[in-house]
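Participant: Just one file: model.cif, with mmCIF, C-alpha atoms.
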data_work
#
loop_
_atom_site.label_atom_id
_atom_site.label_comp_id
_atom_site.auth_asym_id
_atom_site.auth_seq_id
_atom_site.Cartn_x
_atom_site.Cartn_y
_atom_site.Cartn_z
CA MET A 65 0.00 0.00 0.00
CA THR A 66 1.34 3.42 -0.91
CA GLU A 67 0.45 6.39 1.25
CA ILE A 68 0.95 9.89 -0.18
CA VAL A 69 0.68 12.85 2.20
CA VAL A 70 0.17 16.39 0.90
CA ILE A 71 1.34 19.18 3.22
CA SER A 72 2.33 22.81 2.89
CA GLY A 73 3.37 24.23 6.24
CA LYS A 74 1.76 27.53 5.29
CA GLY A 75 -1.99 27.79 4.72
CA GLY A 76 -3.52 29.12 1.51
CA THR A 77 -0.96 27.63 -0.88
CA GLY A 78 -3.61 25.52 -2.64
CA LYS A 79 -2.89 22.26 -0.84
CA THR A 80 -6.48 21.08 -0.47
CA SER A 81 -7.55 22.32 -3.92
CA LEU A 82 -4.76 20.23 -5.44
CA THR A 83 -5.33 17.20 -3.22
CA ALA A 84 -9.01 17.21 -4.21
CA ALA A 85 -8.03 17.50 -7.89
CA PHE A 86 -5.75 14.46 -7.56
CA ALA A 87 -8.55 12.57 -5.83
CA ALA A 88 -10.82 13.42 -8.79
CA LEU A 89 -8.24 12.12 -11.28
CA ALA A 90 -8.01 8.58 -9.96
CA PRO A 91 -11.21 7.90 -7.98
CA ALA A 92 -11.23 4.17 -8.75
CA GLU A 93 -7.70 3.64 -7.48
CA LEU A 94 -7.47 5.42 -4.17
CA VAL A 95 -8.80 6.13 -0.72
CA VAL A 96 -9.02 9.76 0.39
CA ALA A 97 -8.12 10.82 3.94
CA ASP A 98 -8.68 14.35 5.22
CA CYS A 99 -6.26 14.80 8.11
CA ASP A 100 -6.44 18.60 8.00
CA VAL A 101 -9.02 18.37 10.74
CA ASP A 102 -8.59 21.81 12.32
CA ALA A 103 -10.48 23.22 9.39
CA ALA A 104 -11.59 20.17 7.44
CA ASP A 105 -12.85 21.41 4.10
CA MET A 106 -12.06 18.69 1.59
CA HIS A 107 -15.64 17.46 1.94
CA LEU A 108 -16.81 20.67 0.24
CA LEU A 109 -15.24 19.40 -2.98
CA MET A 110 -15.63 15.65 -2.38
CA GLN A 111 -19.27 15.97 -1.19
CA PRO A 112 -19.12 12.59 0.50
CA VAL A 113 -22.04 10.52 1.71
CA THR A 114 -21.27 9.25 5.21
CA VAL A 115 -21.82 5.54 5.72
CA HIS A 116 -20.36 5.17 9.21
CA SER A 117 -19.69 7.64 11.99
CA GLU A 118 -18.25 7.27 15.49
CA PRO A 119 -17.66 9.73 18.31
CA PHE A 120 -14.09 10.84 18.98
CA PHE A 121 -12.81 11.32 22.51
CA SER A 122 -9.73 13.32 23.35
CA GLY A 123 -8.56 14.79 26.61
CA GLN A 124 -10.78 15.18 29.66
CA GLU A 125 -13.48 17.49 30.86
CA ALA A 126 -14.67 18.29 34.36
CA PHE A 127 -18.23 17.90 35.55
CA ILE A 128 -19.60 19.20 38.87
CA ASP A 129 -22.18 17.00 40.58
CA PRO A 130 -24.72 19.56 41.87
CA LEU A 131 -25.91 17.16 44.60
CA ARG A 132 -22.47 17.00 46.19
CA CYS A 133 -21.29 20.56 45.52
CA SER A 134 -21.33 22.82 48.59
CA ASN A 135 -20.54 25.98 46.58
CA CYS A 136 -17.34 26.54 48.58
CA GLY A 137 -15.61 28.05 45.54
CA GLU A 138 -12.26 26.31 45.99
CA CYS A 139 -12.41 25.06 42.41
CA GLU A 140 -13.04 28.55 41.10
CA ALA A 141 -10.04 29.84 43.06
CA VAL A 142 -7.58 27.38 41.50
CA CYS A 143 -8.88 27.26 37.92
CA ARG A 144 -6.33 28.93 35.62
CA PHE A 145 -8.77 29.01 32.71
CA ASP A 146 -11.69 30.78 34.43
CA ALA A 147 -13.78 27.79 33.49
CA ILE A 148 -15.82 27.61 36.71
CA LEU A 149 -19.00 29.64 36.49
CA ASP A 150 -20.54 30.71 39.78
CA GLY A 151 -24.18 31.00 38.76
CA VAL A 152 -27.45 31.42 40.66
CA ASP A 153 -28.05 27.69 40.42
CA GLY A 154 -24.59 26.71 41.71
CA MET A 155 -21.12 26.07 40.34
CA LYS A 156 -20.87 24.96 36.72
CA ILE A 157 -18.10 24.16 34.26
CA ASP A 158 -17.79 26.19 31.08
CA PRO A 159 -17.00 23.32 28.69
CA VAL A 160 -15.35 25.61 26.11
CA ALA A 161 -12.99 27.21 28.64
CA CYS A 162 -12.19 23.95 30.48
CA GLU A 163 -8.81 22.55 29.43
CA GLY A 164 -9.32 19.32 31.36
CA CYS A 165 -6.33 19.78 33.67
CA GLY A 166 -8.17 18.27 36.66
CA TYR A 167 -6.92 20.76 39.27
CA CYS A 168 -10.51 21.47 40.40
CA ALA A 169 -11.27 17.78 40.93
CA ARG A 170 -8.10 17.49 43.00
CA VAL A 171 -8.92 20.34 45.40
CA CYS A 172 -12.68 19.77 45.74
CA PRO A 173 -13.32 18.92 49.44
CA GLU A 174 -16.67 17.30 48.60
CA ASN A 175 -15.31 15.09 45.79
CA ALA A 176 -18.05 16.60 43.68
CA ILE A 177 -16.02 17.02 40.51
CA VAL A 178 -15.67 14.12 38.10
CA MET A 179 -13.20 14.05 35.21
CA SER A 180 -14.37 12.14 32.15
CA ASP A 181 -13.16 11.60 28.58
CA ALA A 182 -14.26 14.54 26.48
CA GLU A 183 -16.20 13.87 23.29
CA VAL A 184 -14.79 16.45 20.91
CA GLY A 185 -16.09 15.35 17.53
CA THR A 186 -16.69 12.43 15.21
CA TRP A 187 -14.76 10.48 12.58
CA GLN A 188 -16.40 9.03 9.52
CA HIS A 189 -16.21 6.51 6.72
CA SER A 190 -17.74 8.03 3.62
CA ARG A 191 -17.96 7.71 -0.13
CA THR A 192 -17.00 10.70 -2.27
CA ARG A 193 -19.20 11.82 -5.17
CA MET A 194 -16.51 10.34 -7.42
CA GLY A 195 -16.94 6.96 -5.75
CA SER A 196 -13.79 6.75 -3.60
CA PRO A 197 -13.87 5.62 0.00
CA MET A 198 -13.00 8.53 2.29
CA ALA A 199 -11.90 8.76 5.92
CA HIS A 200 -12.39 12.11 7.60
CA ALA A 201 -13.39 13.76 10.86
CA ARG A 202 -15.37 16.63 12.21
CA LEU A 203 -14.27 18.46 15.32
CA ASP A 204 -16.59 20.39 17.58
CA ILE A 205 -16.14 24.14 17.88
CA GLY A 206 -13.12 25.00 20.01
CA ALA A 207 -11.71 21.44 19.89
CA ASP A 208 -8.09 20.95 18.85
CA ASN A 209 -6.82 18.68 16.13
CA SER A 210 -4.25 16.32 17.51
CA GLY A 211 -1.86 13.57 16.60
CA LYS A 212 -4.39 11.18 18.05
CA LEU A 213 -7.14 12.21 15.63
CA VAL A 214 -4.78 12.25 12.63
CA THR A 215 -3.62 8.75 13.55
CA GLN A 216 -7.25 7.64 13.85
CA VAL A 217 -8.18 9.01 10.41
CA ARG A 218 -5.11 7.39 8.83
CA THR A 219 -5.89 4.07 10.50
CA GLU A 220 -9.45 4.24 9.18
CA ALA A 221 -8.15 5.07 5.68
CA ARG A 222 -5.94 1.97 5.81
CA LYS A 223 -8.91 -0.15 6.84
CA LEU A 224 -10.94 1.25 3.94
CA ALA A 225 -8.08 0.60 1.53
CA ALA A 226 -7.92 -3.04 2.64
CA GLU A 227 -11.69 -3.45 2.49
CA TYR A 228 -12.08 -1.92 -0.98
CA LYS A 229 -8.78 -3.28 -2.30
CA ARG A 230 -7.23 0.09 -3.12
CA ASP A 231 -3.46 0.31 -2.92
CA LEU A 232 -3.16 4.11 -2.82
CA ILE A 233 -4.07 6.44 0.06
CA LEU A 234 -4.10 10.17 -0.60
CA VAL A 235 -3.87 12.23 2.59
CA ASP A 236 -4.68 15.93 2.88
CA GLY A 237 -2.25 16.74 5.68
CA PRO A 238 -2.52 19.18 8.57
CA PRO A 239 -0.79 22.59 8.63
CA GLY A 240 2.33 23.55 10.57
CA VAL A 241 5.12 21.31 11.85
CA GLY A 242 3.67 20.18 15.19
CA CYS A 243 2.14 17.04 16.66
CA PRO A 244 -0.57 16.51 14.00
CA VAL A 245 2.01 16.79 11.19
CA VAL A 246 4.39 14.35 12.89
CA ALA A 247 1.44 11.93 13.19
CA ALA A 248 0.55 12.45 9.50
CA LEU A 249 4.09 11.87 8.22
CA SER A 250 5.40 8.89 10.16
CA GLY A 251 5.06 5.78 8.06
CA ALA A 252 4.10 7.65 4.87
CA ASP A 253 5.69 6.63 1.56
CA TYR A 254 5.85 9.96 -0.24
CA VAL A 255 5.27 13.58 0.69
CA VAL A 256 4.00 16.28 -1.65
CA LEU A 257 4.94 19.79 -0.52
CA VAL A 258 2.73 22.53 -1.93
CA THR A 259 4.29 25.97 -1.75
CA GLU A 260 3.98 29.45 -3.22
CA PRO A 261 6.61 32.10 -4.05
CA THR A 262 6.12 34.29 -0.99
CA VAL A 263 8.37 34.96 2.00
CA SER A 264 6.17 32.94 4.36
CA GLY A 265 5.60 30.25 1.71
CA ILE A 266 9.34 29.58 1.43
CA HIS A 267 9.92 29.92 5.16
CA ASP A 268 7.26 27.31 5.97
CA LEU A 269 8.41 25.06 3.13
CA ARG A 270 11.88 24.95 4.70
CA ARG A 271 10.50 24.23 8.16
CA VAL A 272 8.24 21.41 7.06
CA HIS A 273 10.88 19.96 4.73
CA GLU A 274 13.29 19.81 7.66
CA LEU A 275 10.81 17.47 9.36
CA VAL A 276 10.30 15.37 6.22
CA ARG A 277 14.06 15.06 5.78
CA LYS A 278 14.46 14.01 9.40
CA PHE A 279 11.95 11.20 8.76
CA ARG A 280 13.83 10.32 5.54
CA ILE A 281 10.64 10.23 3.48
CA PRO A 282 11.09 10.95 -0.24
CA CYS A 283 9.30 14.13 -1.26
CA GLY A 284 8.40 16.37 -4.18
CA CYS A 285 7.22 19.94 -4.48
CA ILE A 286 4.58 21.80 -6.44
CA ILE A 287 5.16 25.52 -6.81
CA ASN A 288 1.69 27.02 -6.99
CA LYS A 289 1.11 30.56 -8.32
CA TYR A 290 4.73 30.46 -9.55
CA ASP A 291 4.23 33.51 -11.78
CA LEU A 292 3.38 35.85 -8.88
CA ASN A 293 7.05 36.35 -7.99
CA PRO A 294 9.70 34.99 -10.40
CA VAL A 295 12.56 35.85 -8.01
CA LYS A 296 11.04 33.85 -5.15
CA THR A 297 10.17 31.02 -7.55
CA ASP A 298 13.85 30.80 -8.54
CA GLU A 299 14.76 30.74 -4.86
CA ILE A 300 12.41 27.79 -4.33
CA LYS A 301 13.81 25.97 -7.37
CA THR A 302 17.36 26.32 -6.02
CA TYR A 303 16.18 25.01 -2.64
CA LEU A 304 14.54 21.98 -4.32
CA LEU A 305 17.69 21.22 -6.27
CA GLU A 306 19.96 21.51 -3.24
CA GLY A 307 17.62 19.45 -1.06
CA GLY A 308 17.11 16.65 -3.57
CA ILE A 309 13.37 17.37 -3.69
CA ASP A 310 11.51 16.20 -6.82
CA HIS A 311 10.20 19.24 -8.71
CA LEU A 312 6.70 18.08 -9.61
CA ALA A 313 5.02 21.08 -11.25
CA ASP A 314 4.73 24.83 -11.59
CA LEU A 315 1.15 26.09 -11.60
CA PRO A 316 0.26 29.65 -12.60
CA TYR A 317 -1.93 31.97 -10.57
CA ASP A 318 -5.34 31.46 -12.14
CA THR A 319 -8.80 32.52 -11.01
CA GLY A 320 -10.02 29.28 -12.62
CA PHE A 321 -9.21 27.59 -9.30
CA THR A 322 -11.51 29.93 -7.39
CA THR A 323 -14.26 29.66 -9.99
CA ALA A 324 -14.15 25.86 -9.82
CA MET A 325 -14.18 25.99 -6.02
CA THR A 326 -17.28 28.18 -5.89
CA LEU A 327 -19.02 25.60 -8.09
CA GLY A 328 -17.97 22.81 -5.69
CA ARG A 329 -15.71 21.27 -8.34
CA THR A 330 -12.05 20.49 -8.61
CA ILE A 331 -9.90 22.13 -11.29
CA VAL A 332 -9.69 18.92 -13.35
CA GLU A 333 -13.47 18.93 -13.73
CA THR A 334 -13.40 22.25 -15.59
CA ASP A 335 -12.57 23.11 -19.20
CA GLN A 336 -9.33 24.92 -18.19
CA LYS A 337 -7.28 22.65 -20.47
CA HIS A 338 -3.82 23.99 -19.64
CA LEU A 339 -4.37 23.72 -15.88
CA VAL A 340 -5.96 20.27 -16.17
CA HIS A 341 -2.97 19.11 -18.19
CA THR A 342 -0.42 20.40 -15.67
CA VAL A 343 -2.27 18.87 -12.72
CA GLU A 344 -2.55 15.53 -14.56
CA ASN A 345 1.19 15.52 -15.23
CA ALA A 346 1.93 16.39 -11.61
CA TRP A 347 -0.24 13.49 -10.42
CA GLU A 348 1.49 11.08 -12.81
CA SER A 349 4.87 12.19 -11.45
CA ILE A 350 3.69 11.78 -7.85
CA VAL A 351 2.46 8.24 -8.44
CA HIS A 352 5.64 7.41 -10.33
CA TYR A 353 8.00 8.80 -7.69
CA SER A 354 6.03 7.41 -4.74
CA ARG A 355 6.28 3.91 -6.16
CA SER A 356 9.78 3.98 -7.61
CA GLU A 357 11.50 5.61 -4.64
CA ARG A 358 9.85 3.23 -2.24
CA GLU A 359 11.56 0.31 -3.96
CA THR A 360 14.97 1.90 -3.71
CA VAL A 361 14.76 3.03 -0.07
CA MET B 1039 23.07 -4.17 26.14
CA LYS B 1040 19.35 -3.53 25.85
CA ILE B 1041 17.98 -2.90 22.35
CA ALA B 1042 14.48 -1.43 22.05
CA PHE B 1043 12.13 -1.74 19.07
CA THR B 1044 8.91 0.00 17.98
CA ALA B 1045 6.62 -2.90 17.09
CA THR B 1046 3.04 -3.71 16.16
CA GLY B 1047 2.94 -6.73 18.50
CA ASN B 1048 4.54 -8.15 21.59
CA SER B 1049 6.92 -10.81 20.21
CA LEU B 1050 10.03 -11.33 18.09
CA ASP B 1051 7.64 -12.17 15.22
CA ALA B 1052 5.95 -8.77 15.30
CA THR B 1053 6.58 -6.17 12.61
CA ILE B 1054 8.60 -2.99 13.21
CA ASN B 1055 6.34 0.08 13.16
CA ALA B 1056 7.70 3.12 11.30
CA ARG B 1057 6.16 5.31 13.99
CA PHE B 1058 7.86 6.09 17.23
CA GLY B 1059 5.43 7.83 19.61
CA ARG B 1060 2.25 6.06 18.57
CA THR B 1061 3.63 2.58 18.02
CA GLU B 1062 1.51 -0.21 19.53
CA TYR B 1063 4.33 -1.83 21.54
CA LEU B 1064 7.81 -1.03 22.74
CA LEU B 1065 9.96 -4.13 22.98
CA CYS B 1066 13.30 -4.43 24.69
CA TYR B 1067 15.78 -7.22 23.96
CA ASP B 1068 18.59 -7.90 26.40
CA THR B 1069 21.56 -9.20 24.41
CA GLU B 1070 23.12 -10.76 27.52
CA THR B 1071 20.15 -12.65 28.96
CA LYS B 1072 18.48 -13.10 25.51
CA GLN B 1073 15.21 -12.07 27.13
CA LEU B 1074 12.54 -9.99 25.42
CA GLU B 1075 10.49 -7.58 27.49
CA GLY B 1076 7.51 -5.77 25.96
CA VAL B 1077 5.31 -2.93 27.12
CA ASP B 1078 1.94 -1.90 25.74
CA ASN B 1079 2.20 1.66 24.41
CA GLY B 1080 -1.57 2.25 24.42
CA GLU B 1081 -1.17 5.24 26.72
CA SER B 1082 0.80 7.07 24.01
CA VAL B 1083 -1.47 5.90 21.21
CA ASN B 1084 -4.38 7.48 23.07
CA ALA B 1085 -2.62 10.68 24.08
CA ALA B 1086 -3.86 13.76 22.25
CA HIS B 1087 -0.44 15.38 22.47
CA GLY B 1088 2.97 14.36 23.77
CA ALA B 1089 2.86 10.77 22.50
CA GLY B 1090 6.60 10.87 21.73
CA PRO B 1091 7.80 12.04 25.18
CA LEU B 1092 5.53 9.43 26.85
CA ALA B 1093 7.14 6.70 24.75
CA VAL B 1094 10.61 7.99 25.72
CA GLN B 1095 9.61 7.63 29.38
CA LYS B 1096 8.75 3.98 28.71
CA LEU B 1097 12.11 3.40 27.01
CA ALA B 1098 13.87 4.94 30.00
CA ASP B 1099 11.88 2.67 32.37
CA LEU B 1100 12.89 -0.34 30.28
CA GLY B 1101 16.52 0.76 30.56
CA ALA B 1102 17.06 0.71 26.80
CA ASP B 1103 20.53 1.61 25.50
CA LEU B 1104 19.47 2.06 21.90
CA LEU B 1105 16.38 2.04 19.74
CA VAL B 1106 15.64 0.37 16.39
CA THR B 1107 12.68 1.95 14.57
CA GLY B 1108 11.46 3.32 11.22
CA ASN B 1109 11.17 7.06 10.60
CA GLY B 1110 12.59 8.02 13.96
CA PRO B 1111 11.21 10.32 16.63
CA GLY B 1112 9.89 13.86 16.20
CA GLU B 1113 11.51 16.96 17.61
CA LYS B 1114 10.55 16.71 21.30
CA ALA B 1115 11.12 12.97 21.71
CA GLY B 1116 14.36 13.30 19.75
CA SER B 1117 15.87 15.83 22.13
CA LEU B 1118 14.85 13.71 25.15
CA LEU B 1119 16.49 10.63 23.63
CA ARG B 1120 19.61 12.66 22.92
CA ASN B 1121 19.77 13.80 26.54
CA LEU B 1122 19.30 10.24 27.76
CA GLY B 1123 22.06 9.04 25.43
CA ILE B 1124 19.78 6.54 23.70
CA LYS B 1125 21.01 6.08 20.14
CA VAL B 1126 18.41 5.63 17.40
CA TYR B 1127 18.71 3.42 14.31
CA GLY B 1128 16.08 3.86 11.57
CA GLY B 1129 14.83 2.31 8.36
CA ALA B 1130 13.73 -0.99 9.92
CA GLU B 1131 10.00 -0.54 9.26
CA GLY B 1132 8.27 -3.60 7.83
CA LEU B 1133 10.94 -6.01 9.08
CA ARG B 1134 10.11 -8.53 11.78
CA VAL B 1135 11.73 -7.70 15.15
CA GLU B 1136 13.97 -10.74 14.76
CA GLU B 1137 15.12 -9.55 11.33
CA ALA B 1138 15.64 -6.01 12.58
CA LEU B 1139 17.82 -7.32 15.40
CA ALA B 1140 19.88 -9.29 12.87
CA ALA B 1141 20.10 -6.20 10.62
CA PHE B 1142 21.33 -4.12 13.55
CA GLU B 1143 23.91 -6.73 14.53
CA ALA B 1144 25.07 -6.91 10.91
CA ASP B 1145 25.56 -3.12 11.09
CA SER B 1146 23.18 -2.53 8.16
CA LEU B 1147 20.88 0.00 9.86
CA LYS B 1148 21.56 3.72 9.72
CA GLU B 1149 21.95 5.76 12.88
CA ILE B 1150 19.60 8.75 12.98
CA THR B 1151 21.22 11.99 14.11
CA LEU B 1152 19.01 13.42 16.83
#
Hey, can you dump this file as structure tokens for me?

Facilitator:
Amino acid sequence: MTEIVVISGKGGTGKTSLTAAFAALAPAELVVADCDVDAADMHLLMQPVTVHSEPFFSGQEAFIDPLRCSNCGECEAVCRFDAILDGVDGMKIDPVACEGCGYCARVCPENAIVMSDAEVGTWQHSRTRMGSPMAHARLDIGADNSGKLVTQVRTEARKLAAEYKRDLILVDGPPGVGCPVVAALSGADYVVLVTEPTVSGIHDLRRVHELVRKFRIPCGCIINKYDLNPVKTDEIKTYLLEGGIDHLADLPYDTGFTTAMTLGRTIVETDQKHLVHTVENAWESIVHYSRSERETV
Amino acid sequence: MKIAFTATGNSLDATINARFGRTEYLLCYDTETKQLEGVDNGESVNAAHGAGPLAVQKLADLGADLLVTGNGPGEKAGSLLRNLGIKVYGGAEGLRVEEALAAFEADSLKEITL
């Protein structure tokens, strides 16, 4: 099984638009996994029908038993997150403010505070409108994405791949370089870095590539909106060459991407021939490199 | 010497997991007594954050001298391992623990610079 993870470090480089386009190119061959769960939006283009959904628990939350609570206020005094509300009907926990540290439960003289696993969202098995199995998740407002949830979505994608006999998993990865990204990268076969010729685009490309290099995962790069800043694009190309990163494609800035998005379509489902062609070539290169480099590692 | 492995199961037959922090089991093989000791890493698998550092704690408890794994640890776990002086050898993912041990002894695994 080959697992391809698309990441960008910086947001707004076109990572999800491109991942969705790739998913639309080979729907019969792959499983889609949306691990960008902080702001999961791939479903807007994939329009999946959910066939299975389960709650996701992460961290803890406090609950005050009103029958035991004596309203002494000791919990309120120690809470660093101002999550204890002293209302007319007694002490209550503000579930959004509560970080689940458990300090209140520890100091409560009445043992009235119970810590329990917090349900922070759901994960799903779905089928995209193109017919691919898809693993994704939905987090409740204020809940954090985490390595745990990314690992869960990837595990579900692997199960789907085995069940539907697909040997390719395409992962829309999380942003940044932290815990969720580490969880998305470890064990992956190939990484696609999507960047843009801006100061922050290059900066974040370097940061995230440092992590990929540390994990010794072969990777390639797509320079999106390359024509916005030729000097920065050259800088990226030099970086790719020096770092041994496969140069997969240069895509121009084109409002066709936005137009397609507002119609709920991917770029390859439009009549923008030149863009479709470039994206198709990029996908072919990705599949080629992900398979060939795996054999030589 | 005690050699630790990131594995999907609790035996010499189990496969090496490419992951460090969220691997299912951490195994420790004592080259002197030829004994294998395994610990369930479920606590890390279920941690929202800090899975890597939790796994390092388990390695320290096991008294591991070095670690054989796949991709290697992330930033935080890596610096802890460096401070503990536990060397890390990567690229063993997919091998059985037994095979990974042989590969390490044959000096064919690469040390990961932490």

Participant: Please enumerate the residues selected by the PyMOL selection byres ((chain A) within 10 of (chain B)) when evaluated against the supplied file, formatted as an mmCIF file with C-alpha atoms, in the coordinates of the input.

Facilitator:
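out_2.cif written:
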data_model
loop_
_atom_site.group_PDB
_atom_site.id
_atom_site.type_symbol
_atom_site.label_atom_id
_atom_site.label_comp_id
_atom_site.auth_asym_id
_atom_site.auth_seq_id
_atom_site.Cartn_x
_atom_site.Cartn_y
_atom_site.Cartn_z
ATOM 1 C CA PHE A 121 -12.810 11.320 22.510
ATOM 2 C CA SER A 122 -9.730 13.320 23.350
ATOM 3 C CA GLY A 123 -8.560 14.790 26.610
ATOM 4 C CA ASP A 208 -8.090 20.950 18.850
ATOM 5 C CA ASN A 209 -6.820 18.680 16.130
ATOM 6 C CA SER A 210 -4.250 16.320 17.510
ATOM 7 C CA GLY A 211 -1.860 13.570 16.600
ATOM 8 C CA LYS A 212 -4.390 11.180 18.050
ATOM 9 C CA LEU A 213 -7.140 12.210 15.630
ATOM 10 C CA VAL A 214 -4.780 12.250 12.630
ATOM 11 C CA THR A 215 -3.620 8.750 13.550
ATOM 12 C CA GLN A 216 -7.250 7.640 13.850
ATOM 13 C CA VAL A 241 5.120 21.310 11.850
ATOM 14 C CA GLY A 242 3.670 20.180 15.190
ATOM 15 C CA CYS A 243 2.140 17.040 16.660
ATOM 16 C CA PRO A 244 -0.570 16.510 14.000
ATOM 17 C CA VAL A 245 2.010 16.790 11.190
ATOM 18 C CA VAL A 246 4.390 14.350 12.890
ATOM 19 C CA ALA A 247 1.440 11.930 13.190
ATOM 20 C CA LEU A 249 4.090 11.870 8.220
ATOM 21 C CA SER A 250 5.400 8.890 10.160
ATOM 22 C CA GLY A 251 5.060 5.780 8.060
ATOM 23 C CA ALA A 252 4.100 7.650 4.870
ATOM 24 C CA LEU A 275 10.810 17.470 9.360
ATOM 25 C CA VAL A 276 10.300 15.370 6.220
ATOM 26 C CA ARG A 277 14.060 15.060 5.780
ATOM 27 C CA LYS A 278 14.460 14.010 9.400
ATOM 28 C CA PHE A 279 11.950 11.200 8.760
ATOM 29 C CA ARG A 280 13.830 10.320 5.540
ATOM 30 C CA ILE A 281 10.640 10.230 3.480
ATOM 31 C CA VAL A 361 14.760 3.030 -0.070
#

Participant: Determine the residue set returned by the PyMOL selection byres ((chain B and resi 1044) around 6) for the present structure, and present it as a compact mmCIF listing (two decimals) with C-alpha atoms, in the coordinates of the input.

Facilitator:
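Final output, result-v5.txt:
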# COMPACT_ATOMS: atom_id res chain seq x y z
CA PHE B 1043 12.13 -1.74 19.07
CA ALA B 1045 6.62 -2.90 17.09
CA ILE B 1054 8.60 -2.99 13.21
CA ASN B 1055 6.34 0.08 13.16
CA THR B 1061 3.63 2.58 18.02
CA LEU B 1064 7.81 -1.03 22.74
CA THR B 1107 12.68 1.95 14.57

Participant: Could you name the residues that touch range 156-162 of chain A at 7 Å or less, counting all atoms listed in the file, but leaving out those on the same chain fewer than 4 positions away, as a PyMOL selection string?

Facilitator: chain A and resi 125-128+145-150+206

Participant: Write out as number ranges by chain the residues lying within 8 Å of Val1106 in chain B, counting all atoms listed in the file and excluding same-chain residues fewer than 3 positions away.

Facilitator: B: 1041-1044, 1126-1128, 1130, 1138, 1142

Participant: Go through the shown structure with the PyMOL selection byres ((chain B and resi 1122) around 10) and write out the matching residues as a list in words.

Facilitator: Val1094, Leu1097, Ala1098, Ala1102, Asp1103, Gly1116, Ser1117, Leu1118, Leu1119, Arg1120, Asn1121, Gly1123, Ile1124 and Lys1125 of chain B

Participant: Which one is closest to Asp1068 in chain B: B:Ser1146, B:Leu1133, B:Leu1104, B:Ala1141? Count all atoms listed in the file.

Facilitator: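 Looking only at the distances to Asp1068 in chain B, the closest residue turns out to be B:Leu1104.
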
Participant: Between B:Leu1139, B:Met1039, B:Asp1051, B:Asn1079, which one has atoms that come closest to Leu1092 in chain B, using all atoms listed in the file?

Facilitator: B:Asn1079

Participant: Please, what is the axis-aligned box for every listed atom of range 221-232 of chain A with 4 Å on each side, as centre and edge lengths in Å to one decimal, as AutoDock Vina command-line options?

Facilitator:
--center_x -7.6 --center_y 0.8 --center_z 1.9 --size_x 16.9 --size_y 16.5 --size_z 18.0

Participant: For Thr342 in chain A, which of A:Leu315, A:Ala84, A:Leu327, A:Val235 is the closest residue, counting only C-alpha atoms?

Facilitator: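 Checking each of A:Leu315, A:Ala84, A:Leu327, A:Val235 against Thr342 in chain A, counting only C-alpha atoms, the winner is A:Leu315.
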
Participant: For Ile233 in chain A, please output as a list of chain:residue names all residues within 6 Å (counting only C-alpha atoms; exclusion window: fewer than 3 positions along the same chain).

Facilitator: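 So the residues in contact are A:Glu67, A:Leu94, A:Val95, A:Val96.
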
Participant: For the residues selected in the previous step, produce a file with C-alpha atoms as a compact mmCIF listing (two decimals), in the frame of the given file.

Facilitator:
# COMPACT_ATOMS: atom_id res chain seq x y z
CA GLU A 67 0.45 6.39 1.25
CA LEU A 94 -7.47 5.42 -4.17
CA VAL A 95 -8.80 6.13 -0.72
CA VAL A 96 -9.02 9.76 0.39

Participant: Quick one: everything within 7 Å of Thr114 in chain A, counting all atoms listed in the file, minus sequence neighbours fewer than 3 positions away in the same chain. Send it as a count of residues only.

Facilitator: 4
